[in-house]
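**Student:** I have a structure here, written as structure tokens, and I will follow up with some questions on it.
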There are 2 protein chains.
Amino acid sequence: MRKGFLILTSVVRKGFLTCIFVKEADLTTQRARGGRVTIHDLARVAGVSVSTVSKALNDNGRMAAETRARIKRMAAEIGFRPNALARGLLSSRSFTIGLLTNDTYGRFTLPVMAGISDALVDHGVSVFLCAIEDDPALGKVHVDAMLDKQVDGIIATGKRIDRSLPVDLAGLPVPVVYAFTAGASDSVTFTADDAQGAALATAWLKKLGRRRLVHITGPEDFVSVRERASAFASEAGEGGSVRYGVWSESWGHQAVADLWSAGGPLPDGIFCGNDQIARGVVDALRERGVKVPEDVSVIGFDNWEILAEQTRPPLTTIDMNLKELGREAGLMVLALAEGRPAEPGLRKLPCKLVVRQSCGGAQTN
Amino acid sequence: MRKGFLILTSVVRKGFLTCIFVKEADLTTQRARGGRVTIHDLARVAGVSVSTVSKALNDNGRMAAETRARIKRMAAEIGFRPNALARGLLSSRSFTIGLLTNDTYGRFTLPVMAGISDALVDHGVSVFLCAIEDDPALGKVHVDAMLDKQVDGIIATGKRIDRSLPVDLAGLPVPVVYAFTAGASDSVTFTADDAQGAALATAWLKKLGRRRLVHITGPEDFVSVRERASAFASEAGEGGSVRYGVWSESWGHQAVADLWSAGGPLPDGIFCGNDQIARGVVDALRERGVKVPEDVSVIGFDNWEILAEQTRPPLTTIDMNLKELGREAGLMVLALAEGRPAEPGLRKLPCKLVVRQSCGGAQTN
DNA sequence: TTGAAAGCGGTACCAT
DNA sequence: ATGGTACCGCTTTCAA
């Protein structure tokens, strides 16, 4: 079949090929190798050599503008798309990166992923997803697979900045960027600016006239908990107190019970370490007849929309801009993969305030 | 550098190479091309031809067992890993599949992804993640990118079985499998068995002695809502009534308010269309002093753990086995990619009951 | 302005 | 039992 095809096209060489012949050739070839048109097919159809086609499509080399245009038009007509594997073999660039994560639940990873993918798709880069739980063996398998597939770089993401993934990513032949997980000191790591976010939240409570502030948060062994707590403390001043616990609604409930039964002065502003705790706090307050936001302002952290929006009243909270963080991480691996230099170290990206109704203020409607 | 290296190794040909030389060669080569050792390097180091190396490592062709072992040992020593791009170029198999999803929030997609990745990593297959929101242009870009990268197949996942992704996946040169999204009738589609799940839930309520049953669920235009409702109706018999609404906590609240103010006989068992609704129902009941599970049993759907476990009391619910669904979808594309035939059509995978405390019964502790 | 040929890193067939 | 060689699809000198 290939032979007959050759004779056919050689008769109609030099651009006199009609559209009908193109279609036929296209169909014939497609059938032959599963729908893929190669540059050779295109060259035959266009009546030029493969090198000319290559140069025409990549806008390099010099040639008659008319020839280039004709080849491009034909390429579009027969739906030619270059094989990225072959191209990658030559260029040592696969336009592929690997995303390693241990965040199975995905509350943090998903927005980050979306940002990465979003930033990279414009550059023709695809993302391998590797969920490794906390299994070092699985991690190694995935890393090896990625390297075999010649990824241009790797992004490692996790749930907290003070723990590292259970795989060793040092000394890899490709750049590695970390997001929300501890990375090597000579590489770039992204995280949210916990201190700034906590300061933002606390300042908002103060701006609304709240003075007796409490911070109900997660386990003290999280570095982000400590950073937020310390920013809260310095922003809240004398009146502020911090209660450490766990990342759950029930802890929010319990903390409210503790506070209200302690007999001291009651808080009028509560900054919670995450939206789950805030949800528990708001529910507990409602159950004791304390009005939110009239009597007490409550502010969360994470802007976990599905939770924040369904809380009664909807939660004012801090958003860590995870998608943006993902974008930056994506652009960073890309830059490193292309050899552009970057300053190693930890980069803290600013958080933003999302105003709903649990604090009162701007949008109490 | 390469030249010197060649001379060095040719002196020590035929397997007399010491470990020290191997290391040196390894390092030299690594530096030369970014940490990657090729089969040619290995061949030189082992003092054999590339074809012999290839056969040795792939366990085909015949050769002295000792030679094979020696080559394998050296490969391991110098950390040789075949370039998957080159391999894929020859075999037309990239050991890569694409995962297309519009489930940005990821509650459904994540477990499915985990299952797919889990099933495929054992087969050396990696997964491209493509989040396309509901943007047809973005979808096309991702599909084209995947095809360029010669994926062996595509899995399309979504949030509901009665809507399709905003991208045309028909006539692609690779097999496409659908999960939780509408697919072409000549391809394989996986979904949870909504009717079976609903029947399971209803039967559980009946088994616990509940007789006045209500089903509070989502919008009637979801086919899964209708399937669950109809299975509920036939299992519940005369006593059962269905209330359609939206997928939110607030709807759960409101439905309870409606029921309790309607003045009719009050239900003693409520089957909710998802865990969010169930959460709203449970909260609303508690607020009106109705005891769960003593007075009313409530059962959810989805087993969204973070929500189900934090509800007071924790929700008994239906789990759609999404991870298993992902596994099956993964194995299915793999099978199709390898040319193994499969019966096209819709495959409904069974749901399972997860007993917590909101219904009473087995684990009321 | 265009084309032939080498080569990226492997695999497979056919000699030896 | 082992090696030479062609080739997968594309890019890139270098000649014509």
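Residues are named by chain letter and number: chains run A, B, ... in the order of the structure tokens, numbers start at 1 in each chain, and ligands are numbered from 1 in the order shown.
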Under the rule of at most 7 Å, produce a per-residue listing of chain C near chain A: chain, number, name, the closest pair of atoms, and the distance in Å, as JSON lines, using only C-alpha atoms (C1' of nucleotides).
**Tutor:**
{"residue": "C:DT1", "atom": "C1'", "partner": "A:Met63", "partner_atom": "CA", "distance": 5.2}
{"residue": "C:DT2", "atom": "C1'", "partner": "A:Thr52", "partner_atom": "CA", "distance": 6.8}
{"residue": "C:DG3", "atom": "C1'", "partner": "A:Ser49", "partner_atom": "CA", "distance": 6.2}
{"residue": "C:DC8", "atom": "C1'", "partner": "A:Leu90", "partner_atom": "CA", "distance": 4.5}
**Student:** Next, dump the selected residues to file, keeping only N, CA and C atoms (P, O5', C5', C4', C3', O3' and C1' of nucleotides), as a compact mmCIF listing (two decimals), in the first residue's frame.
**Tutor:**
# COMPACT_ATOMS: atom_id res chain seq x y z
P DT C 1 15.52 32.45 -0.72
O5' DT C 1 14.89 31.02 -1.06
C5' DT C 1 14.07 30.86 -2.19
C4' DT C 1 14.25 29.44 -2.61
C3' DT C 1 13.51 28.42 -1.71
O3' DT C 1 12.70 27.61 -2.57
C1' DT C 1 15.77 27.78 -2.00
P DT C 2 11.72 26.52 -1.98
O5' DT C 2 12.68 25.28 -1.78
C5' DT C 2 12.92 24.43 -2.89
C4' DT C 2 13.99 23.43 -2.56
C3' DT C 2 13.55 22.27 -1.67
O3' DT C 2 13.36 21.14 -2.51
C1' DT C 2 15.78 22.99 -1.23
P DG C 3 12.86 19.75 -1.85
O5' DG C 3 14.24 19.00 -1.59
C5' DG C 3 15.14 18.88 -2.67
C4' DG C 3 16.35 18.06 -2.24
C3' DG C 3 16.01 16.78 -1.47
O3' DG C 3 16.95 15.79 -1.86
C1' DG C 3 17.37 18.16 -0.12
P DC C 8 23.81 10.68 18.45
O5' DC C 8 22.67 10.97 19.51
C5' DC C 8 22.14 12.28 19.72
C4' DC C 8 20.67 12.14 20.11
C3' DC C 8 20.40 10.85 20.89
O3' DC C 8 20.38 11.15 22.29
C1' DC C 8 18.75 11.26 19.17
**Student:** Dump as JSON lines the rows for residues of chain D within 12 Å of chain A: closest atom pair and distance in Å with one decimal, only C-alpha atoms (C1' of nucleotides) counted, ordered by chain and rising residue number.
**Tutor:**
{"residue": "D:DC8", "atom": "C1'", "partner": "A:Ala86", "partner_atom": "CA", "distance": 8.2}
{"residue": "D:DG9", "atom": "C1'", "partner": "A:Ala86", "partner_atom": "CA", "distance": 5.2}
{"residue": "D:DC10", "atom": "C1'", "partner": "A:Arg87", "partner_atom": "CA", "distance": 5.4}
{"residue": "D:DT11", "atom": "C1'", "partner": "A:Leu90", "partner_atom": "CA", "distance": 6.9}
{"residue": "D:DT12", "atom": "C1'", "partner": "A:Ser51", "partner_atom": "CA", "distance": 8.7}
{"residue": "D:DT13", "atom": "C1'", "partner": "A:Gly61", "partner_atom": "CA", "distance": 11.1}
**Student:** Can I get the selection written as a compact mmCIF listing (two decimals), in the first residue's frame, with all heavy atoms?
**Tutor:**
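Here's the written file result.txt:
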# COMPACT_ATOMS: atom_id res chain seq x y z
P DC D 8 10.70 3.36 9.72
OP1 DC D 8 9.87 2.72 8.70
OP2 DC D 8 11.48 4.56 9.38
O5' DC D 8 9.79 3.73 10.96
C5' DC D 8 9.49 2.82 12.02
C4' DC D 8 9.39 3.60 13.32
O4' DC D 8 10.66 3.52 13.99
C3' DC D 8 9.14 5.09 13.09
O3' DC D 8 7.75 5.36 13.28
C2' DC D 8 9.97 5.78 14.18
C1' DC D 8 10.90 4.69 14.72
N1 DC D 8 12.36 4.95 14.60
C2 DC D 8 13.19 4.82 15.72
O2 DC D 8 12.68 4.50 16.80
N3 DC D 8 14.52 5.04 15.59
C4 DC D 8 15.02 5.38 14.39
N4 DC D 8 16.34 5.58 14.31
C5 DC D 8 14.20 5.53 13.24
C6 DC D 8 12.88 5.30 13.39
P DG D 9 7.00 6.32 12.31
OP1 DG D 9 5.57 6.17 12.59
OP2 DG D 9 7.51 6.09 10.96
O5' DG D 9 7.45 7.78 12.76
C5' DG D 9 7.03 8.27 14.02
C4' DG D 9 7.67 9.62 14.25
O4' DG D 9 9.09 9.46 14.36
C3' DG D 9 7.45 10.64 13.11
O3' DG D 9 7.09 11.87 13.71
C2' DG D 9 8.80 10.70 12.42
C1' DG D 9 9.75 10.42 13.57
N9 DG D 9 11.03 9.84 13.19
C8 DG D 9 11.28 9.01 12.13
N7 DG D 9 12.54 8.63 12.06
C5 DG D 9 13.15 9.26 13.14
C6 DG D 9 14.50 9.22 13.58
O6 DG D 9 15.45 8.62 13.10
N1 DG D 9 14.68 10.00 14.72
C2 DG D 9 13.68 10.71 15.36
N2 DG D 9 14.04 11.38 16.43
N3 DG D 9 12.42 10.75 14.95
C4 DG D 9 12.23 10.00 13.85
P DC D 10 6.80 13.14 12.83
OP1 DC D 10 5.66 13.82 13.43
OP2 DC D 10 6.80 12.77 11.41
O5' DC D 10 8.08 14.03 13.12
C5' DC D 10 8.33 14.48 14.45
C4' DC D 10 9.77 14.87 14.61
O4' DC D 10 10.61 13.81 14.13
C3' DC D 10 10.20 16.11 13.84
O3' DC D 10 10.27 17.20 14.74
C2' DC D 10 11.57 15.77 13.29
C1' DC D 10 11.86 14.38 13.83
N1 DC D 10 12.56 13.49 12.86
C2 DC D 10 13.91 13.21 13.06
O2 DC D 10 14.49 13.71 14.02
N3 DC D 10 14.55 12.40 12.18
C4 DC D 10 13.88 11.87 11.15
N4 DC D 10 14.56 11.07 10.32
C5 DC D 10 12.50 12.14 10.93
C6 DC D 10 11.88 12.95 11.80
P DT D 11 10.58 18.64 14.20
OP1 DT D 11 9.98 19.59 15.14
OP2 DT D 11 10.24 18.69 12.76
O5' DT D 11 12.17 18.73 14.33
C5' DT D 11 12.75 18.59 15.61
C4' DT D 11 14.25 18.75 15.51
O4' DT D 11 14.82 17.71 14.70
C3' DT D 11 14.73 20.06 14.90
O3' DT D 11 15.85 20.49 15.69
C2' DT D 11 15.16 19.68 13.48
C1' DT D 11 15.67 18.26 13.71
N1 DT D 11 15.59 17.32 12.55
C2 DT D 11 16.69 16.55 12.26
O2 DT D 11 17.74 16.61 12.89
N3 DT D 11 16.53 15.68 11.21
C4 DT D 11 15.39 15.52 10.44
O4 DT D 11 15.36 14.69 9.52
C5 DT D 11 14.28 16.36 10.79
C7 DT D 11 13.01 16.26 10.01
C6 DT D 11 14.42 17.21 11.82
P DT D 12 16.42 21.93 15.52
OP1 DT D 12 16.59 22.44 16.89
OP2 DT D 12 15.58 22.67 14.57
O5' DT D 12 17.85 21.72 14.87
C5' DT D 12 18.65 20.63 15.29
C4' DT D 12 19.79 20.42 14.31
O4' DT D 12 19.39 19.51 13.27
C3' DT D 12 20.25 21.70 13.60
O3' DT D 12 21.68 21.71 13.60
C2' DT D 12 19.72 21.53 12.19
C1' DT D 12 19.80 20.02 12.02
N1 DT D 12 18.89 19.44 10.99
C2 DT D 12 19.31 18.34 10.27
O2 DT D 12 20.40 17.82 10.43
N3 DT D 12 18.41 17.87 9.36
C4 DT D 12 17.15 18.39 9.10
O4 DT D 12 16.42 17.88 8.25
C5 DT D 12 16.77 19.54 9.88
C7 DT D 12 15.43 20.18 9.67
C6 DT D 12 17.65 20.01 10.79
P DT D 13 22.47 23.07 13.63
OP1 DT D 13 23.82 22.75 14.17
OP2 DT D 13 21.62 24.06 14.22
O5' DT D 13 22.64 23.47 12.09
C5' DT D 13 23.92 23.65 11.53
C4' DT D 13 24.63 22.32 11.32
O4' DT D 13 23.66 21.30 10.95
C3' DT D 13 25.64 22.41 10.19
O3' DT D 13 26.88 21.79 10.54
C2' DT D 13 24.97 21.71 9.01
C1' DT D 13 23.98 20.75 9.68
N1 DT D 13 22.70 20.64 8.90
C2 DT D 13 22.55 19.61 8.03
O2 DT D 13 23.42 18.76 7.83
N3 DT D 13 21.35 19.59 7.36
C4 DT D 13 20.30 20.47 7.50
O4 DT D 13 19.27 20.34 6.84
C5 DT D 13 20.53 21.53 8.43
C7 DT D 13 19.46 22.56 8.66
C6 DT D 13 21.69 21.58 9.09
**Student:** Could you please determine the separation between CA of Ala131 in chain B and CA of Glu343 in chain B in Å, to one decimal place?
**Tutor:**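 Those two atoms sit 28.0 Å apart.
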**Student:** Please return, as a PDB file with all heavy atoms, in the first residue's frame, all residues of chain A lying within 6 Å of chain B when only C-alpha atoms are considered.
**Tutor:**
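Written file, iface35.pdb:
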ATOM      1  N   GLY A  34      -2.796   3.815  12.584  1.00  0.00           N
ATOM      2  CA  GLY A  34      -3.605   4.282  13.706  1.00  0.00           C
ATOM      3  C   GLY A  34      -3.834   5.767  13.775  1.00  0.00           C
ATOM      4  O   GLY A  34      -3.731   6.365  14.832  1.00  0.00           O
ATOM      5  N   GLY A  35      -4.146   6.392  12.656  1.00  0.00           N
ATOM      6  CA  GLY A  35      -4.599   7.772  12.722  1.00  0.00           C
ATOM      7  C   GLY A  35      -3.495   8.798  12.822  1.00  0.00           C
ATOM      8  O   GLY A  35      -3.769   9.974  12.934  1.00  0.00           O
ATOM      9  N   ASN A  83       5.150  14.321  16.280  1.00  0.00           N
ATOM     10  CA  ASN A  83       5.270  13.350  17.367  1.00  0.00           C
ATOM     11  C   ASN A  83       6.204  13.904  18.438  1.00  0.00           C
ATOM     12  O   ASN A  83       7.389  14.086  18.215  1.00  0.00           O
ATOM     13  CB  ASN A  83       5.827  12.061  16.774  1.00  0.00           C
ATOM     14  CG  ASN A  83       5.948  10.972  17.800  1.00  0.00           C
ATOM     15  OD1 ASN A  83       6.256  11.232  18.955  1.00  0.00           O
ATOM     16  ND2 ASN A  83       5.694   9.752  17.388  1.00  0.00           N
ATOM     17  N   ALA A  84       5.626  14.158  19.605  1.00  0.00           N
ATOM     18  CA  ALA A  84       6.403  14.787  20.674  1.00  0.00           C
ATOM     19  C   ALA A  84       7.499  13.862  21.193  1.00  0.00           C
ATOM     20  O   ALA A  84       8.512  14.314  21.714  1.00  0.00           O
ATOM     21  CB  ALA A  84       5.484  15.209  21.809  1.00  0.00           C
ATOM     22  N   LEU A  85       7.306  12.562  21.051  1.00  0.00           N
ATOM     23  CA  LEU A  85       8.325  11.626  21.510  1.00  0.00           C
ATOM     24  C   LEU A  85       9.586  11.784  20.666  1.00  0.00           C
ATOM     25  O   LEU A  85      10.698  11.913  21.186  1.00  0.00           O
ATOM     26  CB  LEU A  85       7.804  10.190  21.384  1.00  0.00           C
ATOM     27  CG  LEU A  85       7.222   9.546  22.634  1.00  0.00           C
ATOM     28  CD1 LEU A  85       6.320  10.484  23.384  1.00  0.00           C
ATOM     29  CD2 LEU A  85       6.513   8.256  22.285  1.00  0.00           C
ATOM     30  N   VAL A 127       1.481  17.554  32.524  1.00  0.00           N
ATOM     31  CA  VAL A 127       1.824  17.233  33.910  1.00  0.00           C
ATOM     32  C   VAL A 127       1.500  15.780  34.258  1.00  0.00           C
ATOM     33  O   VAL A 127       0.363  15.337  34.107  1.00  0.00           O
ATOM     34  CB  VAL A 127       1.037  18.154  34.863  1.00  0.00           C
ATOM     35  CG1 VAL A 127       1.358  17.816  36.305  1.00  0.00           C
ATOM     36  CG2 VAL A 127       1.353  19.617  34.574  1.00  0.00           C
ATOM     37  N   PHE A 128       2.498  15.062  34.705  1.00  0.00           N
ATOM     38  CA  PHE A 128       2.276  13.705  35.214  1.00  0.00           C
ATOM     39  C   PHE A 128       1.844  13.778  36.664  1.00  0.00           C
ATOM     40  O   PHE A 128       2.519  14.406  37.481  1.00  0.00           O
ATOM     41  CB  PHE A 128       3.564  12.877  35.172  1.00  0.00           C
ATOM     42  CG  PHE A 128       3.863  12.295  33.845  1.00  0.00           C
ATOM     43  CD1 PHE A 128       5.101  12.473  33.258  1.00  0.00           C
ATOM     44  CD2 PHE A 128       2.912  11.557  33.153  1.00  0.00           C
ATOM     45  CE1 PHE A 128       5.394  11.927  32.017  1.00  0.00           C
ATOM     46  CE2 PHE A 128       3.192  11.004  31.918  1.00  0.00           C
ATOM     47  CZ  PHE A 128       4.434  11.193  31.352  1.00  0.00           C
ATOM     48  N   LEU A 129       0.758  13.127  36.978  1.00  0.00           N
ATOM     49  CA  LEU A 129       0.300  13.130  38.354  1.00  0.00           C
ATOM     50  C   LEU A 129       0.764  11.874  39.078  1.00  0.00           C
ATOM     51  O   LEU A 129       0.501  10.761  38.633  1.00  0.00           O
ATOM     52  CB  LEU A 129      -1.226  13.188  38.407  1.00  0.00           C
ATOM     53  CG  LEU A 129      -1.732  13.169  39.831  1.00  0.00           C
ATOM     54  CD1 LEU A 129      -1.445  14.490  40.506  1.00  0.00           C
ATOM     55  CD2 LEU A 129      -3.204  12.857  39.868  1.00  0.00           C
ATOM     56  N   ASP A 148      12.466   8.145  33.651  1.00  0.00           N
ATOM     57  CA  ASP A 148      12.505   7.343  32.421  1.00  0.00           C
ATOM     58  C   ASP A 148      11.808   8.080  31.294  1.00  0.00           C
ATOM     59  O   ASP A 148      12.230   8.022  30.151  1.00  0.00           O
ATOM     60  CB  ASP A 148      11.809   6.000  32.627  1.00  0.00           C
ATOM     61  CG  ASP A 148      12.600   5.082  33.537  1.00  0.00           C
ATOM     62  OD1 ASP A 148      13.726   5.444  33.897  1.00  0.00           O
ATOM     63  OD2 ASP A 148      12.078   4.002  33.885  1.00  0.00           O
ATOM     64  N   LYS A 149      10.741   8.734  31.656  1.00  0.00           N
ATOM     65  CA  LYS A 149       9.971   9.443  30.629  1.00  0.00           C
ATOM     66  C   LYS A 149      10.532  10.825  30.365  1.00  0.00           C
ATOM     67  O   LYS A 149       9.912  11.635  29.706  1.00  0.00           O
ATOM     68  CB  LYS A 149       8.505   9.475  31.014  1.00  0.00           C
ATOM     69  CG  LYS A 149       7.857   8.133  30.686  1.00  0.00           C
ATOM     70  CD  LYS A 149       6.593   7.857  31.402  1.00  0.00           C
ATOM     71  CE  LYS A 149       6.179   6.414  31.074  1.00  0.00           C
ATOM     72  NZ  LYS A 149       5.398   5.803  32.138  1.00  0.00           N
ATOM     73  N   PRO A 173      18.661  14.457  38.013  1.00  0.00           N
ATOM     74  CA  PRO A 173      19.178  15.160  36.833  1.00  0.00           C
ATOM     75  C   PRO A 173      18.242  16.242  36.305  1.00  0.00           C
ATOM     76  O   PRO A 173      18.507  16.833  35.271  1.00  0.00           O
ATOM     77  CB  PRO A 173      19.339  14.040  35.800  1.00  0.00           C
ATOM     78  CG  PRO A 173      18.355  13.014  36.209  1.00  0.00           C
ATOM     79  CD  PRO A 173      18.254  13.090  37.699  1.00  0.00           C
TER      80      PRO A 173
END
**Student:** If you run DSSP over the backbone, which residues in range 108-246 of chain B end up strand (DSSP E or B)? Put them as a list in words.
**Tutor:**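 Secondary structure check on range 108-246 of chain B, strand (DSSP E or B): Ser126, Val127, Phe128, Leu129, Cys130, Ala131, Gly153, Ile154, Ile155, Ala156, Thr157, Val176, Val177, Tyr178, Ala179, Val188, Thr189, Phe190, Thr191, Ala192, Leu213, Val214, His215, Ile216, Thr217, Ser241, Val242, Arg243 and Tyr244 of chain B.
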**Student:** Neighbours of DC14 in chain D within 10 Å (only C-alpha atoms (C1' of nucleotides); same-chain residues fewer than 2 positions away dropped), as a list of chain:residue names?
**Tutor:**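 Residues meeting the cut-off are C:DA4, C:DA5, D:DT12, D:DA16.
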**Student:** At what distance in Å, to one decimal, does CA of Arg347 in chain A lie from CA of Phe190 in chain A?
**Tutor:** 4.9 Å
**Student:** Could you check how far CA of Phe271 in chain B sits from CA of Val282 in chain A, in Å to one decimal?
**Tutor:**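 Answer for the CA of Phe271 in chain B to CA of Val282 in chain A separation: 26.5 Å.
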**Student:** Taking the chain letters and numbering used in this document, name the residues of range 157-339 of chain A that DSSP puts in helix (DSSP H, G or I), as a ChimeraX atom specification.
**Tutor:** /A:194-207,223-239,249-261,275-287,305-308,322-337
**Student:** Based on the selection just made, write C-alpha atoms of those residues as a PDB file, in the first residue's frame.
**Tutor:**
ATOM      1  CA  ASP A 194       1.248  32.279  57.268  1.00  0.00           C
ATOM      2  CA  ALA A 195       2.363  35.235  59.335  1.00  0.00           C
ATOM      3  CA  GLN A 196       0.999  37.733  56.856  1.00  0.00           C
ATOM      4  CA  GLY A 197      -2.273  35.818  56.587  1.00  0.00           C
ATOM      5  CA  ALA A 198      -2.683  35.658  60.338  1.00  0.00           C
ATOM      6  CA  ALA A 199      -1.862  39.345  60.664  1.00  0.00           C
ATOM      7  CA  LEU A 200      -4.435  40.094  57.996  1.00  0.00           C
ATOM      8  CA  ALA A 201      -7.097  38.159  59.861  1.00  0.00           C
ATOM      9  CA  THR A 202      -6.273  39.712  63.201  1.00  0.00           C
ATOM     10  CA  ALA A 203      -6.134  43.219  61.778  1.00  0.00           C
ATOM     11  CA  TRP A 204      -9.556  42.671  60.251  1.00  0.00           C
ATOM     12  CA  LEU A 205     -11.016  41.701  63.611  1.00  0.00           C
ATOM     13  CA  LYS A 206      -9.459  44.778  65.196  1.00  0.00           C
ATOM     14  CA  LYS A 207     -10.678  47.011  62.405  1.00  0.00           C
ATOM     15  CA  VAL A 223       5.359  25.352  61.942  1.00  0.00           C
ATOM     16  CA  SER A 224       2.533  27.133  60.181  1.00  0.00           C
ATOM     17  CA  VAL A 225       0.524  27.001  63.394  1.00  0.00           C
ATOM     18  CA  ARG A 226       3.353  28.602  65.297  1.00  0.00           C
ATOM     19  CA  GLU A 227       3.891  31.274  62.669  1.00  0.00           C
ATOM     20  CA  ARG A 228       0.247  32.161  62.590  1.00  0.00           C
ATOM     21  CA  ALA A 229       0.022  32.159  66.359  1.00  0.00           C
ATOM     22  CA  SER A 230       2.982  34.423  66.772  1.00  0.00           C
ATOM     23  CA  ALA A 231       1.736  36.859  64.135  1.00  0.00           C
ATOM     24  CA  PHE A 232      -1.632  36.811  65.859  1.00  0.00           C
ATOM     25  CA  ALA A 233      -0.053  37.461  69.221  1.00  0.00           C
ATOM     26  CA  SER A 234       1.916  40.464  68.090  1.00  0.00           C
ATOM     27  CA  GLU A 235      -0.995  41.925  66.176  1.00  0.00           C
ATOM     28  CA  ALA A 236      -3.558  41.247  68.902  1.00  0.00           C
ATOM     29  CA  GLY A 237      -1.410  42.696  71.659  1.00  0.00           C
ATOM     30  CA  GLU A 238      -2.170  42.147  75.326  1.00  0.00           C
ATOM     31  CA  GLY A 239      -5.727  40.948  74.816  1.00  0.00           C
ATOM     32  CA  GLU A 249     -14.780  20.828  64.008  1.00  0.00           C
ATOM     33  CA  SER A 250     -15.039  19.108  67.344  1.00  0.00           C
ATOM     34  CA  TRP A 251     -12.020  20.954  68.627  1.00  0.00           C
ATOM     35  CA  GLY A 252     -13.757  24.196  67.656  1.00  0.00           C
ATOM     36  CA  HIS A 253     -16.788  23.111  69.647  1.00  0.00           C
ATOM     37  CA  GLN A 254     -14.764  22.120  72.611  1.00  0.00           C
ATOM     38  CA  ALA A 255     -12.680  25.265  72.608  1.00  0.00           C
ATOM     39  CA  VAL A 256     -15.836  27.370  72.750  1.00  0.00           C
ATOM     40  CA  ALA A 257     -17.156  25.255  75.586  1.00  0.00           C
ATOM     41  CA  ASP A 258     -13.876  25.723  77.450  1.00  0.00           C
ATOM     42  CA  LEU A 259     -13.848  29.468  76.924  1.00  0.00           C
ATOM     43  CA  TRP A 260     -17.445  30.040  77.893  1.00  0.00           C
ATOM     44  CA  SER A 261     -17.230  27.907  81.000  1.00  0.00           C
ATOM     45  CA  ASP A 275     -12.237  26.632  58.329  1.00  0.00           C
ATOM     46  CA  GLN A 276     -13.148  23.348  59.948  1.00  0.00           C
ATOM     47  CA  ILE A 277     -12.365  24.703  63.385  1.00  0.00           C
ATOM     48  CA  ALA A 278     -14.229  27.886  62.493  1.00  0.00           C
ATOM     49  CA  ARG A 279     -17.217  25.847  61.483  1.00  0.00           C
ATOM     50  CA  GLY A 280     -17.186  24.101  64.841  1.00  0.00           C
ATOM     51  CA  VAL A 281     -16.809  27.399  66.650  1.00  0.00           C
ATOM     52  CA  VAL A 282     -19.676  29.049  64.794  1.00  0.00           C
ATOM     53  CA  ASP A 283     -21.945  26.065  65.382  1.00  0.00           C
ATOM     54  CA  ALA A 284     -21.054  25.955  69.063  1.00  0.00           C
ATOM     55  CA  LEU A 285     -21.691  29.668  69.481  1.00  0.00           C
ATOM     56  CA  ARG A 286     -25.051  29.412  67.787  1.00  0.00           C
ATOM     57  CA  GLU A 287     -25.972  26.517  70.019  1.00  0.00           C
ATOM     58  CA  GLU A 305     -15.311  27.201  49.784  1.00  0.00           C
ATOM     59  CA  ILE A 306     -17.649  24.293  50.105  1.00  0.00           C
ATOM     60  CA  LEU A 307     -17.345  24.486  53.860  1.00  0.00           C
ATOM     61  CA  ALA A 308     -17.049  28.244  54.292  1.00  0.00           C
ATOM     62  CA  LEU A 322      -3.089  28.197  46.248  1.00  0.00           C
ATOM     63  CA  LYS A 323      -3.828  28.370  42.572  1.00  0.00           C
ATOM     64  CA  GLU A 324      -1.512  31.311  42.186  1.00  0.00           C
ATOM     65  CA  LEU A 325       1.074  29.422  44.190  1.00  0.00           C
ATOM     66  CA  GLY A 326       0.712  26.564  41.738  1.00  0.00           C
ATOM     67  CA  ARG A 327       1.150  28.901  38.811  1.00  0.00           C
ATOM     68  CA  GLU A 328       4.359  30.260  40.235  1.00  0.00           C
ATOM     69  CA  ALA A 329       5.696  26.820  40.975  1.00  0.00           C
ATOM     70  CA  GLY A 330       4.888  25.760  37.432  1.00  0.00           C
ATOM     71  CA  LEU A 331       6.591  28.743  35.863  1.00  0.00           C
ATOM     72  CA  MET A 332       9.543  28.178  38.145  1.00  0.00           C
ATOM     73  CA  VAL A 333      10.241  24.576  37.092  1.00  0.00           C
ATOM     74  CA  LEU A 334       9.817  25.678  33.540  1.00  0.00           C
ATOM     75  CA  ALA A 335      12.374  28.430  34.001  1.00  0.00           C
ATOM     76  CA  LEU A 336      14.813  26.062  35.670  1.00  0.00           C
ATOM     77  CA  ALA A 337      14.252  23.428  32.994  1.00  0.00           C
TER      78      ALA A 337
END
